[in-house]
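Peer 1: My questions will all concern the structure given below.
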Amino acid sequence: MAVPVVAIVGRPNVGKSTIFNRVVGSRVSIVEDEPGITRDRIYSSGEWLTRKFNVIDTGGIEIGDEPFVRLIKAQAEIAMEEADVIVFVTNARDGVTQSDQEVANMLYKTTKPVILVVNKVDDINFKEQIYEFYGLGLGDPIAVSAVHGIGFGDMLDQVVGNMPNKPEQDYDEDVIKFSLIGRPNVGKSSLTNALLGEDRVIVSDIEGTTRDAIDTEFSKDGQRYVVIDTAGMRKRGKVYETTEKYSVLRALAAIDRSDVCLVLIDAEKGLIEQDKKVAGYAHEAGRAVIIVVNKWDAIEKTDKTMKEWETLIREELQFLDYAPIVFLSALTKRRVHTLFDPILQAAENHKKRVVTHVLNDVIMDAVAMNPTPTHKGQRLRIYYSTQVASAPPTFVIFVNDTDLLHFSYKRYLENSLRLAFGFEGTPIHIIARVRD
């Protein structure tokens with residue numbers, strides 16, 4: 001089942017970001033624990049009644065010096081374009097404002113379900129004020145308090161109840177699905193054509209030419225692949241031409257459907273914050289990752305240029321230290337053939353399973369080489385380990401006290417597993433549990 005998208009819209013200062021943070025909950029705190037990932041997220045994942053969904057906080061989208069009216073208009077346009085369900089947030093303390101009516105007028109044009117939420121209903125004195133919001137003509141308003149969490153169950157029931165059931169394209173298990181992700185005009189469509197050996201998708205210098213994620217099946221040396229050329233931002237007025245943040249929103253669904261994500265970086269423009277955002281979501285989604293530096297033909301090089309780029313990428317994308325780096329030119333097709341071996345290896349490692357007794361031997365050898373840490377006189381004891389999932393490989397380590405497993409020692413164990421079993425191209429997760 002494809003993961004639906006929920007967009008939160010509304011004028012400034014109605015509590016959109018507070019609602020966003022409460023809906024995605026612990027997901028945000030997990031993101032912030034990862035070193036090297038940009039913090040100013042405008043999207044994340046939520047779950048309610050076992051239904052998972054992606055959430056867009058349009059309040060986090062910056063449109064530079066755009067006037068206020070154009071700002072809220074742009075937010076509503078994004079929601080109508082990208083979302084399956086729209087949550088329209090208003091403020092009980094201010095009542096219905098002209099700006100609320102402006103947003104409502106735009107939302108009348110959409111065929112997507114709209115959930116009207118009245119925030120800041122923190123006590124009974126504001127309860128009666130929600131009735132005036134019926135005048136917006138968007139159905140029954142739902143009273144919530146983002147600060148106190150009041151009414152969120154009712155709101156999320158409505159959100160989940162209005163989500164469409166979008167079937168995914170089914171492929172055989174032996175088919176490797178990989179997506180090309182990155183900011184607009186980085187060469188995703190050109191690389192797709194280079195991989196396929198023909199012009200299957202439109203290539204243009206205009207940012208946002210690709211409108212939707214395109215699945216294309218092909219075979220190479222007996223292996224079947226599906227390449228997903230993720231859409232950049234849709235060209236729709238000056239706002240869309242000047243703001244690169246929207247490209248992230250278009251890549252979410254494609255990443256969720258992929259086994260391997262190819263994160264494209266423009267060698268001419270260098271590594272920027274937008275690249276970190278796109279790469280960060282692939283990492284958080286637990287997908288195998290390959291970093292692709294495109295337009296390698298367009299820059300002047302010395303015998304040290306490639307090494308300097310590798311050093312820069314490892315410093316800026318520390319959370320992707322497991323990802324191989326490939327340098328190529330999609331335009332001239334030089335070095336494009338070097339992509340297939342890393343894709344095969346990353347996909348294989350992503351689904352790899354380790355025999356339990358071999359896993360425990362490696363963990364015990366690692367402990368013998370570097371004894372477990374102590375804290376306040378108590379030493380961490382590791383009793384047993386087992387792999388509980390693949391794609392990505394996930395391991396549970398049973399210990400005497402989870403608080404004694406410091407981040408640095410967990411990283412040491414991860415490095416030991418990588419040294420023993422490879423796992424190049426895929427993240428691996430280690431979870432500590434107290435032994436009963």
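Order determines the names: the first chain of the structure tokens is A, the second B, and so forth; residues in each chain are numbered 1 upward, and ligands are numbered 1 upward as they are shown.
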Would you list, as an MDAnalysis selection string, the residues of range 85-184 of chain A that end up in helix (DSSP H, G or I) under DSSP run on this structure's backbone?
Peer 2: chainID A and resid 98:107 124:136 152:161
Peer 1: Hey, what's within 12 Å of Ile272 in chain A if we count only C-alpha atoms and toss same-chain stuff fewer than 5 positions away? As a PyMOL selection string, please?
Peer 2: chain A and resi 38+182-183+186+244-245+264-267+277-279+312-313+316-317
Peer 1: Using the chain letters and numbers from this document, which residues of range 256-308 of chain A does DSSP assign to strand (DSSP E), as a list of chain:residue names?
Peer 2: A:Val260, A:Cys261, A:Leu262, A:Val263, A:Leu264, A:Ile265, A:Asp266, A:Ala288, A:Val289, A:Ile290, A:Ile291, A:Val292, A:Val293, A:Asn294
Peer 1: Please dump the current selection as an mmCIF file, in the first residue's frame; keep all heavy atoms.
Peer 2:
```cif
data_model
loop_
_atom_site.group_PDB
_atom_site.id
_atom_site.type_symbol
_atom_site.label_atom_id
_atom_site.label_comp_id
_atom_site.auth_asym_id
_atom_site.auth_seq_id
_atom_site.Cartn_x
_atom_site.Cartn_y
_atom_site.Cartn_z
ATOM 1 N N VAL A 260 16.792 0.750 -3.160
ATOM 2 C CA VAL A 260 18.031 1.527 -3.159
ATOM 3 C C VAL A 260 17.711 2.940 -3.629
ATOM 4 O O VAL A 260 16.935 3.123 -4.564
ATOM 5 C CB VAL A 260 19.083 0.897 -4.098
ATOM 6 C CG1 VAL A 260 20.395 1.688 -4.039
ATOM 7 C CG2 VAL A 260 19.313 -0.569 -3.751
ATOM 8 N N CYS A 261 18.292 3.937 -2.974
ATOM 9 C CA CYS A 261 18.130 5.333 -3.375
ATOM 10 C C CYS A 261 19.468 5.876 -3.872
ATOM 11 O O CYS A 261 20.479 5.780 -3.174
ATOM 12 C CB CYS A 261 17.641 6.187 -2.213
ATOM 13 S SG CYS A 261 15.983 5.765 -1.644
ATOM 14 N N LEU A 262 19.456 6.437 -5.064
ATOM 15 C CA LEU A 262 20.639 7.105 -5.593
ATOM 16 C C LEU A 262 20.488 8.599 -5.330
ATOM 17 O O LEU A 262 19.610 9.255 -5.908
ATOM 18 C CB LEU A 262 20.785 6.846 -7.101
ATOM 19 C CG LEU A 262 21.503 5.577 -7.538
ATOM 20 C CD1 LEU A 262 20.857 4.337 -6.940
ATOM 21 C CD2 LEU A 262 21.541 5.467 -9.058
ATOM 22 N N VAL A 263 21.307 9.130 -4.423
ATOM 23 C CA VAL A 263 21.251 10.551 -4.074
ATOM 24 C C VAL A 263 22.176 11.309 -5.019
ATOM 25 O O VAL A 263 23.394 11.163 -4.958
ATOM 26 C CB VAL A 263 21.678 10.779 -2.613
ATOM 27 C CG1 VAL A 263 21.641 12.270 -2.279
ATOM 28 C CG2 VAL A 263 20.781 9.998 -1.658
ATOM 29 N N LEU A 264 21.598 12.120 -5.895
ATOM 30 C CA LEU A 264 22.395 12.833 -6.896
ATOM 31 C C LEU A 264 22.852 14.184 -6.369
ATOM 32 O O LEU A 264 22.063 14.939 -5.782
ATOM 33 C CB LEU A 264 21.591 13.026 -8.183
ATOM 34 C CG LEU A 264 21.730 11.910 -9.221
ATOM 35 C CD1 LEU A 264 21.111 10.618 -8.702
ATOM 36 C CD2 LEU A 264 21.103 12.301 -10.549
ATOM 37 N N ILE A 265 24.119 14.479 -6.605
ATOM 38 C CA ILE A 265 24.719 15.761 -6.242
ATOM 39 C C ILE A 265 25.287 16.389 -7.506
ATOM 40 O O ILE A 265 25.892 15.698 -8.339
ATOM 41 C CB ILE A 265 25.832 15.572 -5.196
ATOM 42 C CG1 ILE A 265 25.245 14.996 -3.894
ATOM 43 C CG2 ILE A 265 26.559 16.890 -4.908
ATOM 44 C CD1 ILE A 265 26.293 14.599 -2.875
ATOM 45 N N ASP A 266 25.093 17.676 -7.670
ATOM 46 C CA ASP A 266 25.564 18.416 -8.842
ATOM 47 C C ASP A 266 27.006 18.846 -8.615
ATOM 48 O O ASP A 266 27.289 19.669 -7.738
ATOM 49 C CB ASP A 266 24.672 19.637 -9.062
ATOM 50 C CG ASP A 266 24.953 20.355 -10.372
ATOM 51 O OD1 ASP A 266 26.107 20.314 -10.835
ATOM 52 O OD2 ASP A 266 24.013 20.952 -10.929
ATOM 53 N N ALA A 288 18.690 1.476 1.345
ATOM 54 C CA ALA A 288 20.089 1.456 0.919
ATOM 55 C C ALA A 288 20.359 2.732 0.120
ATOM 56 O O ALA A 288 19.474 3.239 -0.575
ATOM 57 C CB ALA A 288 20.364 0.225 0.067
ATOM 58 N N VAL A 289 21.573 3.258 0.216
ATOM 59 C CA VAL A 289 21.884 4.552 -0.386
ATOM 60 C C VAL A 289 23.207 4.484 -1.155
ATOM 61 O O VAL A 289 24.184 3.893 -0.681
ATOM 62 C CB VAL A 289 21.972 5.661 0.685
ATOM 63 C CG1 VAL A 289 22.405 6.987 0.063
ATOM 64 C CG2 VAL A 289 20.632 5.837 1.395
ATOM 65 N N ILE A 290 23.215 5.105 -2.319
ATOM 66 C CA ILE A 290 24.436 5.324 -3.096
ATOM 67 C C ILE A 290 24.500 6.809 -3.412
ATOM 68 O O ILE A 290 23.519 7.398 -3.873
ATOM 69 C CB ILE A 290 24.442 4.501 -4.395
ATOM 70 C CG1 ILE A 290 24.405 3.002 -4.080
ATOM 71 C CG2 ILE A 290 25.670 4.822 -5.243
ATOM 72 C CD1 ILE A 290 24.150 2.135 -5.288
ATOM 73 N N ILE A 291 25.634 7.437 -3.146
ATOM 74 C CA ILE A 291 25.818 8.861 -3.448
ATOM 75 C C ILE A 291 26.408 8.979 -4.843
ATOM 76 O O ILE A 291 27.451 8.385 -5.139
ATOM 77 C CB ILE A 291 26.737 9.525 -2.406
ATOM 78 C CG1 ILE A 291 26.138 9.389 -1.006
ATOM 79 C CG2 ILE A 291 26.958 10.994 -2.751
ATOM 80 C CD1 ILE A 291 27.085 9.804 0.103
ATOM 81 N N VAL A 292 25.738 9.738 -5.706
ATOM 82 C CA VAL A 292 26.166 9.888 -7.093
ATOM 83 C C VAL A 292 26.511 11.352 -7.355
ATOM 84 O O VAL A 292 25.639 12.229 -7.250
ATOM 85 C CB VAL A 292 25.066 9.436 -8.067
ATOM 86 C CG1 VAL A 292 25.524 9.614 -9.512
ATOM 87 C CG2 VAL A 292 24.691 7.978 -7.809
ATOM 88 N N VAL A 293 27.764 11.613 -7.665
ATOM 89 C CA VAL A 293 28.195 12.965 -8.034
ATOM 90 C C VAL A 293 28.093 13.064 -9.552
ATOM 91 O O VAL A 293 28.907 12.489 -10.284
ATOM 92 C CB VAL A 293 29.621 13.266 -7.553
ATOM 93 C CG1 VAL A 293 30.013 14.703 -7.914
ATOM 94 C CG2 VAL A 293 29.732 13.049 -6.047
ATOM 95 N N ASN A 294 27.082 13.785 -10.029
ATOM 96 C CA ASN A 294 26.818 13.902 -11.463
ATOM 97 C C ASN A 294 27.492 15.154 -12.044
ATOM 98 O O ASN A 294 27.961 16.008 -11.305
ATOM 99 C CB ASN A 294 25.302 13.949 -11.689
ATOM 100 C CG ASN A 294 24.945 13.850 -13.161
ATOM 101 O OD1 ASN A 294 25.706 13.277 -13.961
ATOM 102 N ND2 ASN A 294 23.809 14.396 -13.540
#
```
Peer 1: Within 10 Å of range 334-343 of chain A, counting only C-alpha atoms, which residues qualify if same-chain residues fewer than 5 places away don't, as a PyMOL selection string?
Peer 2: chain A and resi 176-178+191+194-195+220-221+223+225+259-262+288-290+292+294-297+323-329+348-349+424-425
Peer 1: Using C-alpha atoms, can you export the residues from the last selection as a compact mmCIF listing (two decimals), in the first residue's frame?
Peer 2:
```
# COMPACT_ATOMS: atom_id res chain seq x y z
CA ILE A 176 15.61 -4.34 -7.71
CA LYS A 177 13.75 -1.04 -7.38
CA PHE A 178 15.95 2.04 -7.19
CA LEU A 191 20.75 9.68 -15.71
CA ALA A 194 21.65 7.05 -19.72
CA LEU A 195 20.85 3.94 -17.67
CA LYS A 220 20.94 -5.56 -17.38
CA ASP A 221 23.16 -8.67 -17.50
CA GLN A 223 19.13 -8.77 -13.57
CA TYR A 225 15.47 -3.46 -12.40
CA ASP A 259 15.12 -0.78 -2.29
CA VAL A 260 18.03 1.53 -3.16
CA CYS A 261 18.13 5.33 -3.38
CA LEU A 262 20.64 7.10 -5.59
CA ALA A 288 20.09 1.46 0.92
CA VAL A 289 21.88 4.55 -0.39
CA ILE A 290 24.44 5.32 -3.10
CA VAL A 292 26.17 9.89 -7.09
CA ASN A 294 26.82 13.90 -11.46
CA LYS A 295 28.12 16.34 -14.11
CA TRP A 296 31.66 15.17 -13.36
CA ASP A 297 32.64 16.15 -16.92
CA ALA A 323 27.14 4.71 1.29
CA PRO A 324 29.50 4.21 -1.68
CA ILE A 325 30.30 7.28 -3.80
CA VAL A 326 30.17 7.13 -7.61
CA PHE A 327 31.38 9.90 -9.93
CA LEU A 328 29.87 10.08 -13.42
CA SER A 329 28.41 12.19 -16.20
CA GLU A 348 21.89 -7.57 -1.59
CA ASN A 349 23.28 -6.15 1.65
CA GLU A 424 28.15 -1.57 2.30
CA GLY A 425 25.40 0.67 1.01
```
Peer 1: Would you compute the distance between CA of Val14 in chain A and CA of Asn105 in chain A? Give it in Å to one decimal.
Peer 2: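 Interatomic distance, CA of Val14 in chain A to CA of Asn105 in chain A: 17.8 Å.
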Peer 1: Give me, please, the distance in Å between CA of Thr305 in chain A and CA of Gln318 in chain A, quoted to one decimal.
Peer 2: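 CA of Thr305 in chain A sits 19.6 Å away from CA of Gln318 in chain A.
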Peer 1: In Å, rounded to a single decimal, give me how far CA of Gln158 in chain A is from CA of Gly135 in chain A.
Peer 2: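 Atom-to-atom, CA of Gly135 in chain A to CA of Gln158 in chain A, that is 19.7 Å.
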Peer 1: Extract, using only C-alpha atoms, all DNA, RNA and protein residues at most 9 Å from range 397-406 of chain A, discarding same-chain residues fewer than 5 positions from it, and format them as JSON, numbers by chain.
Peer 2: {"A": [372, 373, 374, 375, 378, 379, 380, 381, 382, 383, 384, 385, 386, 387, 411, 430, 431, 432, 433, 434, 435, 436]}
Peer 1: Can you pull out every residue within 10 Å of Thr110 in chain A, counting only C-alpha atoms, but drop anything in the same chain fewer than 2 positions away, and send it as an MDAnalysis selection string?
Peer 2: chainID A and resid 76:77 79:81 86 105:108 112:114
Peer 1: Go ahead and save the picked residues with all heavy atoms, as an mmCIF file, in the first residue's frame.
Peer 2:
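Generated file (result-v1.cif):
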```cif
data_model
loop_
_atom_site.group_PDB
_atom_site.id
_atom_site.type_symbol
_atom_site.label_atom_id
_atom_site.label_comp_id
_atom_site.auth_asym_id
_atom_site.auth_seq_id
_atom_site.Cartn_x
_atom_site.Cartn_y
_atom_site.Cartn_z
ATOM 1 N N ALA A 76 -1.334 26.676 0.236
ATOM 2 C CA ALA A 76 -2.538 25.942 -0.140
ATOM 3 C C ALA A 76 -2.351 25.222 -1.466
ATOM 4 O O ALA A 76 -2.833 24.108 -1.661
ATOM 5 C CB ALA A 76 -3.721 26.902 -0.223
ATOM 6 N N GLU A 77 -1.631 25.837 -2.398
ATOM 7 C CA GLU A 77 -1.362 25.198 -3.692
ATOM 8 C C GLU A 77 -0.535 23.934 -3.509
ATOM 9 O O GLU A 77 -0.785 22.907 -4.150
ATOM 10 C CB GLU A 77 -0.627 26.170 -4.612
ATOM 11 C CG GLU A 77 -1.527 27.229 -5.220
ATOM 12 C CD GLU A 77 -0.777 28.142 -6.172
ATOM 13 O OE1 GLU A 77 0.467 28.151 -6.119
ATOM 14 O OE2 GLU A 77 -1.436 28.831 -6.966
ATOM 15 N N ALA A 79 -0.419 22.057 -0.876
ATOM 16 C CA ALA A 79 -1.267 21.040 -0.262
ATOM 17 C C ALA A 79 -2.172 20.389 -1.296
ATOM 18 O O ALA A 79 -2.334 19.168 -1.330
ATOM 19 C CB ALA A 79 -2.099 21.666 0.855
ATOM 20 N N MET A 80 -2.776 21.203 -2.159
ATOM 21 C CA MET A 80 -3.693 20.660 -3.149
ATOM 22 C C MET A 80 -2.976 19.815 -4.190
ATOM 23 O O MET A 80 -3.539 18.875 -4.743
ATOM 24 C CB MET A 80 -4.479 21.801 -3.816
ATOM 25 C CG MET A 80 -5.502 22.450 -2.894
ATOM 26 S SD MET A 80 -6.621 23.606 -3.726
ATOM 27 C CE MET A 80 -5.508 24.947 -4.119
ATOM 28 N N GLU A 81 -1.725 20.144 -4.460
ATOM 29 C CA GLU A 81 -0.941 19.383 -5.436
ATOM 30 C C GLU A 81 -0.424 18.077 -4.845
ATOM 31 O O GLU A 81 -0.488 17.026 -5.482
ATOM 32 C CB GLU A 81 0.263 20.222 -5.913
ATOM 33 C CG GLU A 81 -0.114 21.430 -6.753
ATOM 34 C CD GLU A 81 -0.393 21.060 -8.194
ATOM 35 O OE1 GLU A 81 -0.354 19.846 -8.510
ATOM 36 O OE2 GLU A 81 -0.662 21.965 -8.985
ATOM 37 N N ILE A 86 -5.924 17.107 3.512
ATOM 38 C CA ILE A 86 -5.480 18.444 3.916
ATOM 39 C C ILE A 86 -6.074 18.777 5.277
ATOM 40 O O ILE A 86 -7.288 18.651 5.479
ATOM 41 C CB ILE A 86 -5.918 19.508 2.885
ATOM 42 C CG1 ILE A 86 -5.320 19.184 1.509
ATOM 43 C CG2 ILE A 86 -5.504 20.911 3.334
ATOM 44 C CD1 ILE A 86 -5.901 20.016 0.385
ATOM 45 N N ASN A 105 -11.269 29.734 0.586
ATOM 46 C CA ASN A 105 -11.689 29.963 -0.803
ATOM 47 C C ASN A 105 -10.836 29.139 -1.771
ATOM 48 O O ASN A 105 -11.337 28.653 -2.790
ATOM 49 C CB ASN A 105 -11.576 31.444 -1.153
ATOM 50 C CG ASN A 105 -12.613 32.292 -0.432
ATOM 51 O OD1 ASN A 105 -13.621 31.763 0.056
ATOM 52 N ND2 ASN A 105 -12.372 33.588 -0.343
ATOM 53 N N MET A 106 -9.567 28.992 -1.458
ATOM 54 C CA MET A 106 -8.700 28.186 -2.315
ATOM 55 C C MET A 106 -9.018 26.707 -2.162
ATOM 56 O O MET A 106 -9.038 25.958 -3.141
ATOM 57 C CB MET A 106 -7.237 28.444 -1.969
ATOM 58 C CG MET A 106 -6.755 29.821 -2.342
ATOM 59 S SD MET A 106 -4.969 29.833 -2.439
ATOM 60 C CE MET A 106 -4.693 28.699 -3.784
ATOM 61 N N LEU A 107 -9.282 26.286 -0.931
ATOM 62 C CA LEU A 107 -9.520 24.866 -0.686
ATOM 63 C C LEU A 107 -10.854 24.393 -1.261
ATOM 64 O O LEU A 107 -11.052 23.186 -1.447
ATOM 65 C CB LEU A 107 -9.458 24.573 0.810
ATOM 66 C CG LEU A 107 -8.082 24.791 1.468
ATOM 67 C CD1 LEU A 107 -8.153 24.510 2.965
ATOM 68 C CD2 LEU A 107 -7.023 23.908 0.823
ATOM 69 N N TYR A 108 -11.787 25.340 -1.546
ATOM 70 C CA TYR A 108 -13.031 24.949 -2.198
ATOM 71 C C TYR A 108 -12.761 24.292 -3.554
ATOM 72 O O TYR A 108 -13.556 23.486 -4.031
ATOM 73 C CB TYR A 108 -13.932 26.173 -2.432
ATOM 74 C CG TYR A 108 -14.451 26.836 -1.185
ATOM 75 C CD1 TYR A 108 -14.779 28.190 -1.189
ATOM 76 C CD2 TYR A 108 -14.642 26.125 0.001
ATOM 77 C CE1 TYR A 108 -15.259 28.822 -0.057
ATOM 78 C CE2 TYR A 108 -15.117 26.751 1.139
ATOM 79 C CZ TYR A 108 -15.420 28.099 1.106
ATOM 80 O OH TYR A 108 -15.884 28.718 2.236
ATOM 81 N N LYS A 112 -9.570 17.079 -2.895
ATOM 82 C CA LYS A 112 -9.017 16.337 -1.763
ATOM 83 C C LYS A 112 -9.862 16.595 -0.514
ATOM 84 O O LYS A 112 -10.407 17.687 -0.330
ATOM 85 C CB LYS A 112 -7.566 16.777 -1.490
ATOM 86 C CG LYS A 112 -6.666 16.819 -2.720
ATOM 87 C CD LYS A 112 -6.281 15.440 -3.178
ATOM 88 C CE LYS A 112 -5.400 15.491 -4.411
ATOM 89 N NZ LYS A 112 -4.093 16.090 -4.180
ATOM 90 N N PRO A 113 -9.971 15.619 0.390
ATOM 91 C CA PRO A 113 -10.701 15.853 1.645
ATOM 92 C C PRO A 113 -9.993 16.886 2.514
ATOM 93 O O PRO A 113 -8.760 16.871 2.634
ATOM 94 C CB PRO A 113 -10.713 14.472 2.314
ATOM 95 C CG PRO A 113 -9.615 13.704 1.674
ATOM 96 C CD PRO A 113 -9.473 14.231 0.286
ATOM 97 N N VAL A 114 -10.778 17.791 3.103
ATOM 98 C CA VAL A 114 -10.236 18.850 3.959
ATOM 99 C C VAL A 114 -10.795 18.660 5.372
ATOM 100 O O VAL A 114 -12.020 18.592 5.559
ATOM 101 C CB VAL A 114 -10.606 20.246 3.425
ATOM 102 C CG1 VAL A 114 -10.083 21.332 4.375
ATOM 103 C CG2 VAL A 114 -10.049 20.453 2.020
#
```
Peer 1: Check which residues of range 108-194 of chain A sit at most 12 Å from range 48-54 of chain A using only C-alpha atoms, and return one row each with the closest pair of atoms and their distance in Å to one decimal, ordered by chain and rising number, as CSV.
Peer 2:
```
residue,atom,partner,partner_atom,distance
A:Phe152,CA,A:Trp48,CA,10.5
A:Gly153,CA,A:Trp48,CA,8.8
A:Asp154,CA,A:Trp48,CA,11.1
A:Met155,CA,A:Trp48,CA,10.5
A:Leu156,CA,A:Trp48,CA,6.8
A:Asp157,CA,A:Trp48,CA,7.9
A:Gln158,CA,A:Trp48,CA,10.6
A:Val159,CA,A:Trp48,CA,9.1
A:Val160,CA,A:Arg51,CA,7.1
A:Gly161,CA,A:Arg51,CA,10.0
A:Asn162,CA,A:Arg51,CA,11.7
A:Met163,CA,A:Phe53,CA,9.1
A:Pro164,CA,A:Phe53,CA,11.0
A:Asn165,CA,A:Arg51,CA,10.7
A:Lys166,CA,A:Phe53,CA,11.9
```
Peer 1: Name the residues in contact with Ser45 in chain A at a cut-off of 9 Å, using only C-alpha atoms, excluding same-chain residues fewer than 3 positions from it; report them as a compact mmCIF listing (two decimals) with C-alpha atoms, in the first residue's frame.
Peer 2:
```
# COMPACT_ATOMS: atom_id res chain seq x y z
CA VAL A 23 1.33 14.23 15.16
CA VAL A 24 4.78 12.92 14.18
CA GLY A 25 5.70 12.55 17.86
CA ARG A 27 9.75 10.34 14.98
CA VAL A 28 11.15 13.85 15.28
CA LYS A 52 1.30 5.14 8.41
CA PHE A 53 1.44 8.43 6.54
CA ASN A 54 3.79 11.26 5.62
CA VAL A 55 3.12 14.74 7.00
CA ILE A 56 3.99 18.10 5.42
```
Peer 1: For each of A:Glu217, A:Asp275, A:Asp140, A:Glu82, take the minimum atom-to-atom distance to Val118 in chain A, counting only C-alpha atoms, then give the residue where this is smallest.
Peer 2: A:Asp140
